[in-house]
>>> print(open('coords-v3.csv').read())   # CSV, C-alpha atoms
chain,number,residue,atom,x,y,z
A,14,MET,CA,194.4,291.8,-163.6
A,15,LYS,CA,196.0,289.2,-161.3
A,16,GLN,CA,193.7,286.5,-160.1
A,17,LEU,CA,193.2,285.0,-156.6
A,18,VAL,CA,191.2,281.8,-156.6
A,19,LEU,CA,189.7,280.6,-153.3
A,20,LEU,CA,189.0,276.9,-153.8
A,21,GLY,CA,186.4,275.8,-151.3
A,22,GLY,CA,184.0,277.6,-148.9
A,23,GLY,CA,185.4,276.2,-145.7
A,24,HIS,CA,185.6,278.0,-142.3
A,25,ALA,CA,189.1,279.5,-142.9
A,26,HIS,CA,188.0,281.1,-146.1
A,27,LEU,CA,185.3,283.0,-144.3
A,28,PHE,CA,188.0,285.0,-142.6
A,29,VAL,CA,189.7,285.5,-146.0
A,30,LEU,CA,186.4,286.9,-147.5
A,31,GLU,CA,186.0,289.2,-144.4
A,32,ARG,CA,189.6,290.5,-144.8
A,33,LEU,CA,189.1,291.1,-148.6
A,34,ALA,CA,185.9,292.9,-147.9
A,35,LYS,CA,187.8,295.4,-145.8
A,36,ALA,CA,190.7,296.0,-148.2
A,37,CYS,CA,190.9,293.9,-151.4
A,38,PRO,CA,194.0,295.0,-153.5
A,39,GLY,CA,192.6,296.8,-156.6
A,40,ALA,CA,194.9,295.0,-159.0
A,41,TRP,CA,193.4,291.6,-158.1
A,42,GLY,CA,190.3,289.8,-159.1
A,43,VAL,CA,188.9,287.2,-156.8
A,44,THR,CA,187.0,283.9,-157.7
A,45,LEU,CA,185.4,281.7,-155.1
A,46,VAL,CA,184.8,278.1,-156.2
A,47,SER,CA,182.5,275.9,-154.0
A,48,PRO,CA,180.0,273.2,-154.6
A,49,SER,CA,177.4,275.2,-152.7
A,50,SER,CA,177.0,278.8,-151.7
A,51,TRP,CA,175.6,277.6,-148.4
A,52,GLN,CA,178.2,276.6,-145.8
A,53,HIS,CA,177.1,274.4,-142.9
A,54,TYR,CA,178.9,275.3,-139.7
A,55,SER,CA,180.1,272.0,-138.3
A,56,GLY,CA,180.1,273.2,-134.6
A,57,MET,CA,176.3,273.4,-134.7
A,58,LEU,CA,175.6,270.2,-136.6
A,59,PRO,CA,174.9,268.1,-133.5
A,60,GLY,CA,172.5,270.8,-132.2
A,61,MET,CA,170.7,270.7,-135.5
A,62,MET,CA,170.3,267.0,-135.4
A,63,ALA,CA,169.1,267.1,-131.8
A,64,GLY,CA,166.5,269.7,-132.7
A,65,THR,CA,168.1,272.5,-130.7
A,66,TYR,CA,168.7,274.6,-133.8
A,67,ARG,CA,166.8,275.1,-137.0
A,68,ALA,CA,168.8,274.2,-140.1
A,69,GLU,CA,168.8,277.8,-141.3
A,70,GLU,CA,170.5,278.9,-138.0
A,71,CYS,CA,173.5,276.7,-138.6
A,72,GLY,CA,174.8,277.9,-142.0
A,73,ILE,CA,176.2,280.9,-143.7
A,74,ASP,CA,175.5,282.1,-147.3
A,75,LEU,CA,178.7,282.9,-149.1
A,76,ARG,CA,177.1,284.9,-151.9
A,77,PRO,CA,176.7,288.2,-150.0
A,78,TRP,CA,180.4,288.1,-149.2
A,79,VAL,CA,181.2,287.4,-152.9
A,80,ASP,CA,179.0,290.4,-153.9
A,81,ARG,CA,180.5,292.6,-151.3
A,82,ILE,CA,184.1,292.2,-152.6
A,83,GLY,CA,183.0,292.2,-156.3
A,84,ALA,CA,184.2,288.6,-156.7
A,85,ARG,CA,183.0,285.9,-159.1
A,86,PHE,CA,181.3,282.8,-157.7
A,87,VAL,CA,181.5,279.4,-159.4
A,88,GLU,CA,179.2,276.8,-158.0
A,89,CYS,CA,181.2,273.7,-158.7
A,90,ALA,CA,183.5,271.1,-157.0
A,91,ALA,CA,187.1,271.0,-158.2
A,92,ALA,CA,188.2,268.1,-160.3
A,93,GLY,CA,191.9,268.8,-160.2
A,94,ILE,CA,194.8,271.2,-160.0
A,95,ASP,CA,197.9,271.6,-162.2
A,96,ALA,CA,200.1,273.6,-159.8
A,97,ASP,CA,203.0,273.9,-162.3
A,98,ARG,CA,200.7,275.6,-164.8
A,99,ARG,CA,198.7,277.5,-162.2
A,100,MET,CA,195.3,276.0,-163.2
A,101,VAL,CA,192.3,274.7,-161.5
A,102,CYS,CA,190.2,272.1,-163.4
A,103,LEU,CA,186.4,272.4,-163.0
A,104,PRO,CA,183.8,270.0,-164.4
A,105,GLN,CA,181.6,271.8,-167.0
A,106,HIS,CA,183.6,275.0,-166.4
A,107,GLY,CA,186.9,274.2,-168.0
A,108,ARG,CA,190.0,275.6,-166.4
A,109,ILE,CA,190.6,278.7,-164.3
A,110,SER,CA,194.1,280.2,-164.2
A,111,TYR,CA,195.4,281.8,-161.0
A,112,ASP,CA,198.3,283.9,-159.8
A,113,LEU,CA,197.5,282.9,-156.2
A,114,LEU,CA,195.5,279.9,-155.0
A,115,SER,CA,194.1,279.1,-151.6
A,116,LEU,CA,192.6,275.7,-150.7
A,117,ASP,CA,190.0,275.2,-148.0
A,118,ILE,CA,188.0,272.3,-149.4
A,119,GLY,CA,188.0,270.1,-146.3
A,120,GLY,CA,188.3,266.3,-146.7
A,121,LYS,CA,186.0,263.4,-147.3
A,122,SER,CA,184.9,260.8,-144.9
A,123,ASP,CA,187.3,257.8,-145.0
A,124,LEU,CA,184.7,255.0,-145.3
A,125,SER,CA,186.7,252.4,-147.3
A,126,ALA,CA,186.1,249.8,-144.6
A,127,LEU,CA,182.4,250.4,-144.6
A,128,ALA,CA,181.6,250.7,-148.3
A,129,ALA,CA,180.0,247.3,-148.6
A,130,LEU,CA,177.0,248.6,-146.6
A,131,GLY,CA,175.7,250.3,-149.7
A,132,PRO,CA,172.9,252.8,-149.3
A,133,ARG,CA,172.7,252.3,-145.6
A,134,LEU,CA,176.0,254.1,-145.2
A,135,VAL,CA,175.8,257.8,-144.4
A,136,PRO,CA,179.0,259.7,-144.6
A,137,VAL,CA,179.3,262.7,-142.2
A,138,LYS,CA,181.3,264.7,-144.8
A,139,PRO,CA,180.5,266.6,-146.9
A,140,LEU,CA,178.2,268.3,-144.4
A,141,PRO,CA,175.5,269.5,-146.8
A,142,ALA,CA,174.9,266.0,-148.1
A,143,PHE,CA,174.8,264.6,-144.5
A,144,ALA,CA,172.3,267.2,-143.4
A,145,ALA,CA,170.0,266.2,-146.2
A,146,ARG,CA,170.3,262.5,-145.4
A,147,TRP,CA,169.7,263.2,-141.7
A,148,HIS,CA,166.2,264.7,-142.5
A,149,GLU,CA,165.5,261.5,-144.5
A,150,ILE,CA,166.6,259.3,-141.6
A,151,ARG,CA,164.3,261.2,-139.2
A,152,ARG,CA,161.4,260.6,-141.5
A,153,GLN,CA,162.2,256.9,-141.8
A,154,ALA,CA,162.6,256.5,-138.0
A,155,ALA,CA,159.3,258.2,-137.3
A,156,ALA,CA,157.6,255.6,-139.6
A,157,SER,CA,159.5,252.6,-138.3
A,158,PRO,CA,159.5,251.9,-134.5
A,159,GLY,CA,162.7,250.2,-133.4
A,160,PHE,CA,164.7,252.0,-136.1
A,161,ARG,CA,168.4,250.9,-135.7
A,162,VAL,CA,171.3,253.3,-136.1
A,163,ALA,CA,175.0,252.5,-135.7
A,164,ILE,CA,177.7,255.1,-135.5
A,165,VAL,CA,181.3,254.2,-136.3
A,166,GLY,CA,184.1,256.3,-134.8
A,167,GLY,CA,185.4,256.8,-131.3
A,168,GLY,CA,186.5,260.5,-131.6
A,169,ALA,CA,184.7,263.6,-130.7
A,170,ALA,CA,182.5,263.5,-133.8
A,171,GLY,CA,181.4,259.9,-133.1
A,172,VAL,CA,180.4,260.8,-129.5
A,173,GLU,CA,178.5,264.0,-130.5
A,174,LEU,CA,176.8,262.2,-133.4
A,175,ALA,CA,175.6,259.3,-131.2
A,176,LEU,CA,174.1,261.6,-128.6
A,177,ALA,CA,172.6,263.8,-131.2
A,178,VAL,CA,171.0,260.8,-132.9
A,179,ARG,CA,169.4,259.8,-129.6
A,180,ALA,CA,168.1,263.3,-129.0
A,181,GLY,CA,166.8,263.6,-132.6
A,182,LEU,CA,165.2,260.1,-132.9
A,183,GLY,CA,163.9,259.7,-129.3
A,184,PRO,CA,163.9,256.6,-127.0
A,185,SER,CA,162.4,254.1,-129.4
A,186,ALA,CA,165.5,254.0,-131.7
A,187,THR,CA,168.3,251.5,-131.0
A,188,ILE,CA,171.6,253.2,-131.1
A,189,GLN,CA,175.1,251.6,-131.0
A,190,LEU,CA,178.5,253.3,-131.1
A,191,ALA,CA,181.5,251.3,-132.4
A,192,VAL,CA,184.6,253.1,-131.2
A,193,GLY,CA,187.3,250.6,-132.3
A,194,GLU,CA,189.9,248.9,-130.2
A,195,SER,CA,191.6,252.2,-129.5
A,196,GLY,CA,188.6,253.1,-127.3
A,197,LEU,CA,186.6,256.2,-126.7
A,198,LEU,CA,188.1,259.7,-127.1
A,199,ARG,CA,191.6,258.4,-127.0
A,200,ASN,CA,193.1,261.9,-127.6
A,201,PHE,CA,191.2,263.4,-124.7
A,202,PRO,CA,192.0,263.3,-121.0
A,203,GLY,CA,190.6,260.5,-118.9
A,204,SER,CA,188.1,262.8,-117.2
A,205,ALA,CA,186.6,263.8,-120.5
A,206,ARG,CA,186.3,260.1,-121.4
A,207,ARG,CA,184.5,259.4,-118.2
A,208,HIS,CA,182.1,262.3,-118.8
A,209,ALA,CA,181.4,260.9,-122.3
A,210,GLU,CA,180.9,257.4,-120.9
A,211,ILE,CA,178.3,258.6,-118.4
A,212,ALA,CA,176.5,260.6,-121.1
A,213,LEU,CA,176.3,257.7,-123.5
A,214,ARG,CA,175.2,255.3,-120.7
A,215,ASN,CA,172.4,257.7,-119.6
A,216,ALA,CA,171.3,258.0,-123.2
A,217,GLN,CA,171.1,254.2,-123.4
A,218,ILE,CA,173.7,254.0,-126.2
A,219,GLU,CA,175.7,250.8,-126.3
A,220,VAL,CA,179.5,251.4,-126.8
A,221,LEU,CA,181.4,248.6,-128.6
A,222,CYS,CA,185.2,248.7,-128.3
A,223,CYS,CA,185.6,246.7,-131.5
A,224,ASP,CA,186.8,247.5,-135.0
A,225,ALA,CA,184.0,247.3,-137.5
A,226,ALA,CA,183.8,246.6,-141.3
A,227,GLY,CA,180.8,246.9,-143.6
A,228,THR,CA,179.1,243.9,-145.1
A,229,PRO,CA,175.9,243.6,-147.1
A,230,ASP,CA,174.3,242.2,-143.9
A,231,GLY,CA,175.4,245.0,-141.6
A,232,LEU,CA,178.5,245.8,-139.5
A,233,LEU,CA,180.9,242.9,-138.9
A,234,LEU,CA,182.7,243.4,-135.6
A,235,HIS,CA,186.2,242.2,-134.9
A,236,ASP,CA,184.8,239.7,-132.3
A,237,GLY,CA,182.7,238.1,-135.0
A,238,ARG,CA,179.3,239.7,-134.2
A,239,THR,CA,177.2,241.3,-136.9
A,240,LEU,CA,175.2,244.5,-136.1
A,241,LYS,CA,172.0,244.9,-138.0
A,242,ALA,CA,171.4,248.6,-138.8
A,243,ASP,CA,168.9,250.6,-140.8
A,244,ALA,CA,171.5,253.4,-141.1
A,245,VAL,CA,175.2,253.6,-140.3
A,246,LEU,CA,176.8,257.0,-139.7
A,247,GLY,CA,180.6,257.0,-140.5
A,248,ALA,CA,182.7,259.3,-138.4
A,249,THR,CA,186.0,257.6,-139.0
A,250,GLY,CA,188.2,260.6,-139.9
A,251,VAL,CA,188.9,262.1,-143.3
A,252,ARG,CA,190.9,261.3,-146.4
A,253,ALA,CA,192.3,263.7,-148.9
A,254,PRO,CA,190.6,264.2,-152.3
A,255,VAL,CA,192.1,261.6,-154.7
A,256,TRP,CA,192.8,264.2,-157.4
A,257,LEU,CA,195.4,265.9,-155.2
A,258,GLY,CA,197.7,263.1,-156.1
A,259,LEU,CA,198.0,264.5,-159.7
A,260,SER,CA,198.2,268.2,-158.6
A,261,LYS,CA,202.0,268.3,-158.6
A,262,LEU,CA,201.8,269.8,-155.1
A,263,ALA,CA,203.9,268.4,-152.4
A,264,LEU,CA,201.8,266.1,-150.2
A,265,ASP,CA,202.2,264.3,-146.9
A,266,SER,CA,202.2,260.5,-146.6
A,267,GLN,CA,198.3,260.5,-146.5
A,268,GLY,CA,197.9,262.7,-149.6
A,269,PHE,CA,197.1,266.0,-147.8
A,270,VAL,CA,198.7,269.3,-149.0
A,271,ALA,CA,202.0,269.9,-147.1
A,272,VAL,CA,202.2,273.4,-145.8
A,273,ASP,CA,204.7,275.5,-143.8
A,274,ARG,CA,204.3,277.9,-140.9
A,275,PHE,CA,202.7,280.4,-143.3
A,276,GLN,CA,200.0,277.9,-144.4
A,277,ARG,CA,201.8,278.0,-147.7
A,278,SER,CA,202.6,275.0,-149.9
A,279,VAL,CA,206.2,273.7,-149.4
A,280,SER,CA,206.6,273.1,-153.1
A,281,HIS,CA,204.6,276.0,-154.7
A,282,PRO,CA,204.8,279.4,-153.0
A,283,ASP,CA,201.8,280.6,-154.9
A,284,VAL,CA,199.5,278.1,-153.2
A,285,PHE,CA,198.1,278.3,-149.7
A,286,ALA,CA,195.9,275.8,-147.8
A,287,ALA,CA,194.1,275.4,-144.5
A,288,GLY,CA,191.7,273.1,-142.8
A,289,ASP,CA,191.4,269.3,-143.2
A,290,VAL,CA,192.9,269.4,-146.7
A,291,SER,CA,196.3,270.5,-145.4
A,292,THR,CA,199.1,269.2,-143.0
A,293,ARG,CA,201.6,271.4,-141.3
A,294,ILE,CA,205.0,269.9,-141.7
A,295,ASP,CA,206.6,271.9,-138.9
A,296,VAL,CA,204.2,271.0,-136.0
A,297,ALA,CA,201.8,268.2,-135.3
A,298,ILE,CA,198.2,269.5,-135.3
A,299,ALA,CA,195.0,267.4,-134.9
A,300,ARG,CA,192.5,267.6,-137.7
A,301,SER,CA,189.6,269.4,-136.0
A,302,GLY,CA,187.3,272.3,-136.7
A,303,VAL,CA,188.9,274.2,-133.8
A,304,HIS,CA,192.3,274.3,-135.6
A,305,ALA,CA,190.7,275.0,-139.0
A,306,VAL,CA,188.9,278.1,-137.6
A,307,ARG,CA,192.0,279.3,-135.8
A,308,ALA,CA,194.0,279.1,-139.1
A,309,GLY,CA,191.6,281.5,-140.8
A,310,PRO,CA,192.9,284.9,-139.7
A,311,PRO,CA,196.6,284.1,-140.3
A,312,LEU,CA,195.7,282.6,-143.7
A,313,ALA,CA,193.7,285.8,-144.6
A,314,ALA,CA,196.6,288.0,-143.5
A,315,ASN,CA,199.2,286.0,-145.5
A,316,LEU,CA,197.1,285.9,-148.6
A,317,VAL,CA,196.7,289.7,-148.6
A,318,ALA,CA,200.4,290.1,-147.8
A,319,ALA,CA,201.3,287.9,-150.8
A,320,MET,CA,198.9,289.9,-153.0
A,321,THR,CA,200.6,293.2,-152.0
A,322,GLY,CA,204.2,292.0,-151.8
A,323,ARG,CA,204.5,292.3,-148.0
A,324,PRO,CA,206.3,289.8,-145.7
A,325,LEU,CA,204.3,286.8,-144.5
A,326,ARG,CA,203.8,286.1,-140.8
A,327,ALA,CA,204.1,282.7,-139.3
A,328,HIS,CA,201.0,281.0,-137.7
A,329,HIS,CA,201.9,279.4,-134.4
A,330,PRO,CA,198.9,277.2,-133.3
A,331,ARG,CA,198.5,276.5,-129.7
A,332,ARG,CA,199.1,272.9,-128.7
A,333,THR,CA,196.3,273.0,-126.2
A,334,ARG,CA,192.8,274.1,-127.3
A,335,LEU,CA,189.4,274.3,-125.7
A,336,TYR,CA,187.1,271.6,-127.0
A,337,LEU,CA,183.3,271.8,-126.3
A,338,LEU,CA,181.5,268.5,-127.1
A,339,ALA,CA,177.7,268.6,-127.3
A,340,THR,CA,176.2,265.7,-125.2
A,341,GLY,CA,172.6,266.3,-126.2
A,342,PRO,CA,170.1,269.1,-125.8
A,343,TRP,CA,171.4,271.8,-123.4
A,344,ARG,CA,174.5,270.0,-122.1
A,345,ALA,CA,178.2,269.7,-123.2
A,346,ILE,CA,181.6,268.6,-122.1
A,347,ALA,CA,184.3,271.2,-121.8
A,348,SER,CA,187.9,270.0,-122.2
A,349,PHE,CA,191.2,271.9,-122.0
A,350,GLY,CA,194.5,270.1,-121.6
A,351,PRO,CA,194.1,267.7,-118.7
A,352,TRP,CA,191.0,269.4,-117.4
A,353,SER,CA,187.4,268.7,-118.3
A,354,ALA,CA,183.9,269.1,-116.9
A,355,GLU,CA,180.4,268.6,-118.0
A,356,GLY,CA,177.1,270.4,-117.6
A,357,ALA,CA,174.5,272.8,-118.8
A,358,TRP,CA,176.9,275.7,-118.3
A,359,ALA,CA,179.3,274.1,-120.8
A,360,TRP,CA,176.5,274.0,-123.4
A,361,ARG,CA,175.7,277.6,-122.8
A,362,TRP,CA,179.4,278.4,-123.3
A,363,LYS,CA,179.4,276.4,-126.6
A,364,ASN,CA,176.1,277.9,-127.7
A,365,ALA,CA,177.5,281.5,-127.2
A,366,ILE,CA,180.6,280.7,-129.2
A,367,ASP,CA,178.8,279.1,-132.0
A,368,ARG,CA,176.1,281.8,-132.3
A,369,ARG,CA,178.8,284.5,-132.2
A,370,PHE,CA,180.6,282.8,-135.1
A,371,ILE,CA,177.4,282.7,-137.2
A,372,ALA,CA,176.5,286.3,-136.3
A,373,ARG,CA,180.0,287.4,-137.5
A,374,PHE,CA,179.7,285.9,-140.9
A,375,ALA,CA,176.0,285.6,-141.7
A,376,LEU,CA,175.4,288.7,-143.9
A,377,PRO,CA,171.8,289.5,-144.9
A,378,SER,CA,170.9,287.4,-147.9
A,379,PRO,CA,167.8,287.9,-150.1
A,380,ALA,CA,168.1,284.3,-151.4
A,381,ALA,CA,168.9,282.1,-148.4
A,382,PRO,CA,168.3,278.4,-149.2
A,383,ALA,CA,165.1,276.8,-148.0
A,384,HIS,CA,165.5,274.0,-145.4
A,385,THR,CA,162.8,271.6,-144.2
A,386,ASP,CA,162.7,269.0,-141.5
>>> encode(input="coords-v3.csv", output="C-alpha cells")
Amino acid sequence: MKQLVLLGGGHAHLFVLERLAKACPGAWGVTLVSPSSWQHYSGMLPGMMAGTYRAEECGIDLRPWVDRIGARFVECAAAGIDADRRMVCLPQHGRISYDLLSLDIGGKSDLSALAALGPRLVPVKPLPAFAARWHEIRRQAAASPGFRVAIVGGGAAGVELALAVRAGLGPSATIQLAVGESGLLRNFPGSARRHAEIALRNAQIEVLCCDAAGTPDGLLLHDGRTLKADAVLGATGVRAPVWLGLSKLALDSQGFVAVDRFQRSVSHPDVFAAGDVSTRIDVAIARSGVHAVRAGPPLAANLVAAMTGRPLRAHHPRRTRLYLLATGPWRAIASFGPWSAEGAWAWRWKNAIDRRFIARFALPSPAAPAHTD
C-alpha cells in the first residue's frame, strides 16, 4: 500500500483531511504526524486572550478526522526529512517512509534578538505552548498589581496581541508595544494604521517606534532606553525549522520550502507544502493565516490528484485579501486593499467567519482536551 504522510496539523491540512474523508484512494494509507492532536485556531487566539472565547471554543481535535479516514496518528514533532530517500525522521518513533509527503508545520517565532531575556520571553509560536503560557501570565498578573508586559512586533499579530493583553489583564497592567523603526502595520493602508493607533491609544498602550533587543535586564531599545518587563511577547515573524537545511529539499534564501504554483516542491515532485513553512517562488505572498487557509483546498485537490494520477491544478492566490484584526472585545479593524474601517460590526463579521471555520472542522470528540483558565 502506498503511503501519504501529512507532516503537521496546520490549517491547510484540515482541508486535506476533509477531502480524504470524502474520497480517500483505497490503494493509499495515510499517516498524520503532529506534536498535538489539538489544533489551536490562530484567528481566535486574541479573543481567547481577551476572554471573549473559552479555550475549548478556539481549537479543533484532529483525532476524529484521523479515525474517519482510517489513518494513523503519530503524536510527535518531526526532527528531519531525507527527501532523496523519502523518509521522515521522528524522535522516539524512528523513520517513516512515504510515497507522497505534505508539510504544514508552520514556523517558529524568530526571537534570536530577544533570547537574552530568558524565561520572561514568551514566543507566540507554537500556539499550544503560547496558550499555556498566557494562562500562567494571567495568574501572575492577578497576583502582582502593576504587572508589566512588552510586546515586540509591529505587524498585525503585534497589534492584536497588545490589545488582547490589555483586555485580558485589565487597566492595572502596564503594556508597551515596540514596533521597530519600520513603524506600525507597515504593509497595511494608512487608514488601517490610523485605526490601530486610535485603538492602542484608547487602550493606554504606549507604542515605541524603536528596534528592541533582549538583555538580562529587559528590552534594550535602539535609542538607549531599557524597558523593564515581567513578560515579553515576541511577535517578530517566523523562521523556518533548522532541520529543513538538511532535508535535501530546495529552500528559499530564508530556509523555507520552495514550492511552485501547485504547492509542490520545486526539487522533489513527491513533496507538497503550504502555510508558513513554504514560499511560493512564482508569486510574492505575505506569510499570514489568511493565505495559509486559502491554500488548503488547492493543496487537498492536488494531493488527491497526485495520489490518483490526475493532472494538478495551479493555485492562483489573490494579491488582495480581506484582513480582520481584533482590537479588543467586540471590535475589529477590517482592511481590504486601500480600504479599511473599524467598529463592532467588523468584529461581528470576524466572529462569524471564525466560528464558521471551527464549526466546519470540529467533529464530535469523546476525548477533547481539558482547558483551564
>>> atom_distance(input="coords-v3.csv", atom1="CA of Trp41 in chain A", atom2="CA of Ile82 in chain A")
10.8 Å
>>> residues_near_point(input="coords-v3.csv", point="(180.4, 265.7, -142.5)", cutoff="10 Å", atoms="all atoms listed in the file", output="list in words")
His53, Ser55, Leu58, Gly119, Gly120, Lys121, Ser122, Val135, Pro136, Val137, Lys138, Pro139, Leu140, Pro141, Ala142, Phe143, Ala144, Ala170, Leu246, Gly247, Ala248, Gly250 and Val251 of chain A
>>> atom_distance(input="coords-v3.csv", atom1="CA of Gly159 in chain A", atom2="CA of Asp243 in chain A")
9.7 Å
>>> atom_distance(input="coords-v3.csv", atom1="CA of Arg323 in chain A", atom2="CA of Leu114 in chain A")
16.8 Å
>>> residues_around(input="coords-v3.csv", residues="Gln267 in chain A", least_positions_apart="5", cutoff="10 Å", atoms="all atoms listed in the file", output="PyMOL selection string")
chain A and resi 252-253+258+292
>>> residues_around(input="coords-v3.csv", residues="Val272 in chain A", least_positions_apart="3", cutoff="8 Å", atoms="all atoms listed in the file", output="PyMOL selection string")
chain A and resi 275-279+285-286+291-294
>>> write_last_selection(input="coords-v3.csv", atoms="C-alpha atoms", output="PDB file, keeping the file's coordinate frame")
ATOM      1  CA  PHE A 275     202.700 280.400-143.300  1.00  0.00           C
ATOM      2  CA  GLN A 276     200.000 277.900-144.400  1.00  0.00           C
ATOM      3  CA  ARG A 277     201.800 278.000-147.700  1.00  0.00           C
ATOM      4  CA  SER A 278     202.600 275.000-149.900  1.00  0.00           C
ATOM      5  CA  VAL A 279     206.200 273.700-149.400  1.00  0.00           C
ATOM      6  CA  PHE A 285     198.100 278.300-149.700  1.00  0.00           C
ATOM      7  CA  ALA A 286     195.900 275.800-147.800  1.00  0.00           C
ATOM      8  CA  SER A 291     196.300 270.500-145.400  1.00  0.00           C
ATOM      9  CA  THR A 292     199.100 269.200-143.000  1.00  0.00           C
ATOM     10  CA  ARG A 293     201.600 271.400-141.300  1.00  0.00           C
ATOM     11  CA  ILE A 294     205.000 269.900-141.700  1.00  0.00           C
TER      12      ILE A 294
END
>>> closest_residue(input="coords-v3.csv", among="A:Ala180, A:Ala169, A:Ala318, A:Ala154", to="Arg206 in chain A", atoms="only C-alpha atoms")
A:Ala169
>>> residues_around(input="coords-v3.csv", residues="Ser157 in chain A", least_positions_apart="5", cutoff="12 Å", atoms="all atoms listed in the file", output="ChimeraX atom specification")
/A:150-152,182,185-187,243
>>> closest_residue(input="coords-v3.csv", among="A:Gly341, A:Gly350, A:Gly168, A:Pro282", to="Asn315 in chain A", atoms="all atoms listed in the file")
A:Pro282
>>> closest_residue(input="coords-v3.csv", among="A:Leu257, A:Ala305, A:Ile109, A:Leu197", to="His328 in chain A", atoms="only C-alpha atoms")
A:Ala305
>>> residues_around(input="coords-v3.csv", residues="Arg373 in chain A", least_positions_apart="6", cutoff="10 Å", atoms="all atoms listed in the file", output="short mmCIF file (atom, residue, chain, number, x, y, z; two decimals) with C-alpha atoms, in the frame of the given file")
data_model
loop_
_atom_site.label_atom_id
_atom_site.label_comp_id
_atom_site.auth_asym_id
_atom_site.auth_seq_id
_atom_site.Cartn_x
_atom_site.Cartn_y
_atom_site.Cartn_z
CA LEU A 27 185.30 283.00 -144.30
CA PHE A 28 188.00 285.00 -142.60
CA GLU A 31 186.00 289.20 -144.40
CA ILE A 73 176.20 280.90 -143.70
#
>>> closest_atom_pairs(input="coords-v3.csv", of="range 25-47 of chain A", to="range 83-97 of chain A", cutoff="8 Å", atoms="all atoms listed in the file", output="Markdown table")
| residue | atom | partner | partner_atom | distance |
| --- | --- | --- | --- | --- |
| A:Gly42 | CA | A:Ala84 | CA | 6.7 |
| A:Val43 | CA | A:Ala84 | CA | 4.9 |
| A:Thr44 | CA | A:Arg85 | CA | 4.7 |
| A:Leu45 | CA | A:Phe86 | CA | 5.0 |
| A:Val46 | CA | A:Val87 | CA | 4.8 |
| A:Ser47 | CA | A:Glu88 | CA | 5.3 |
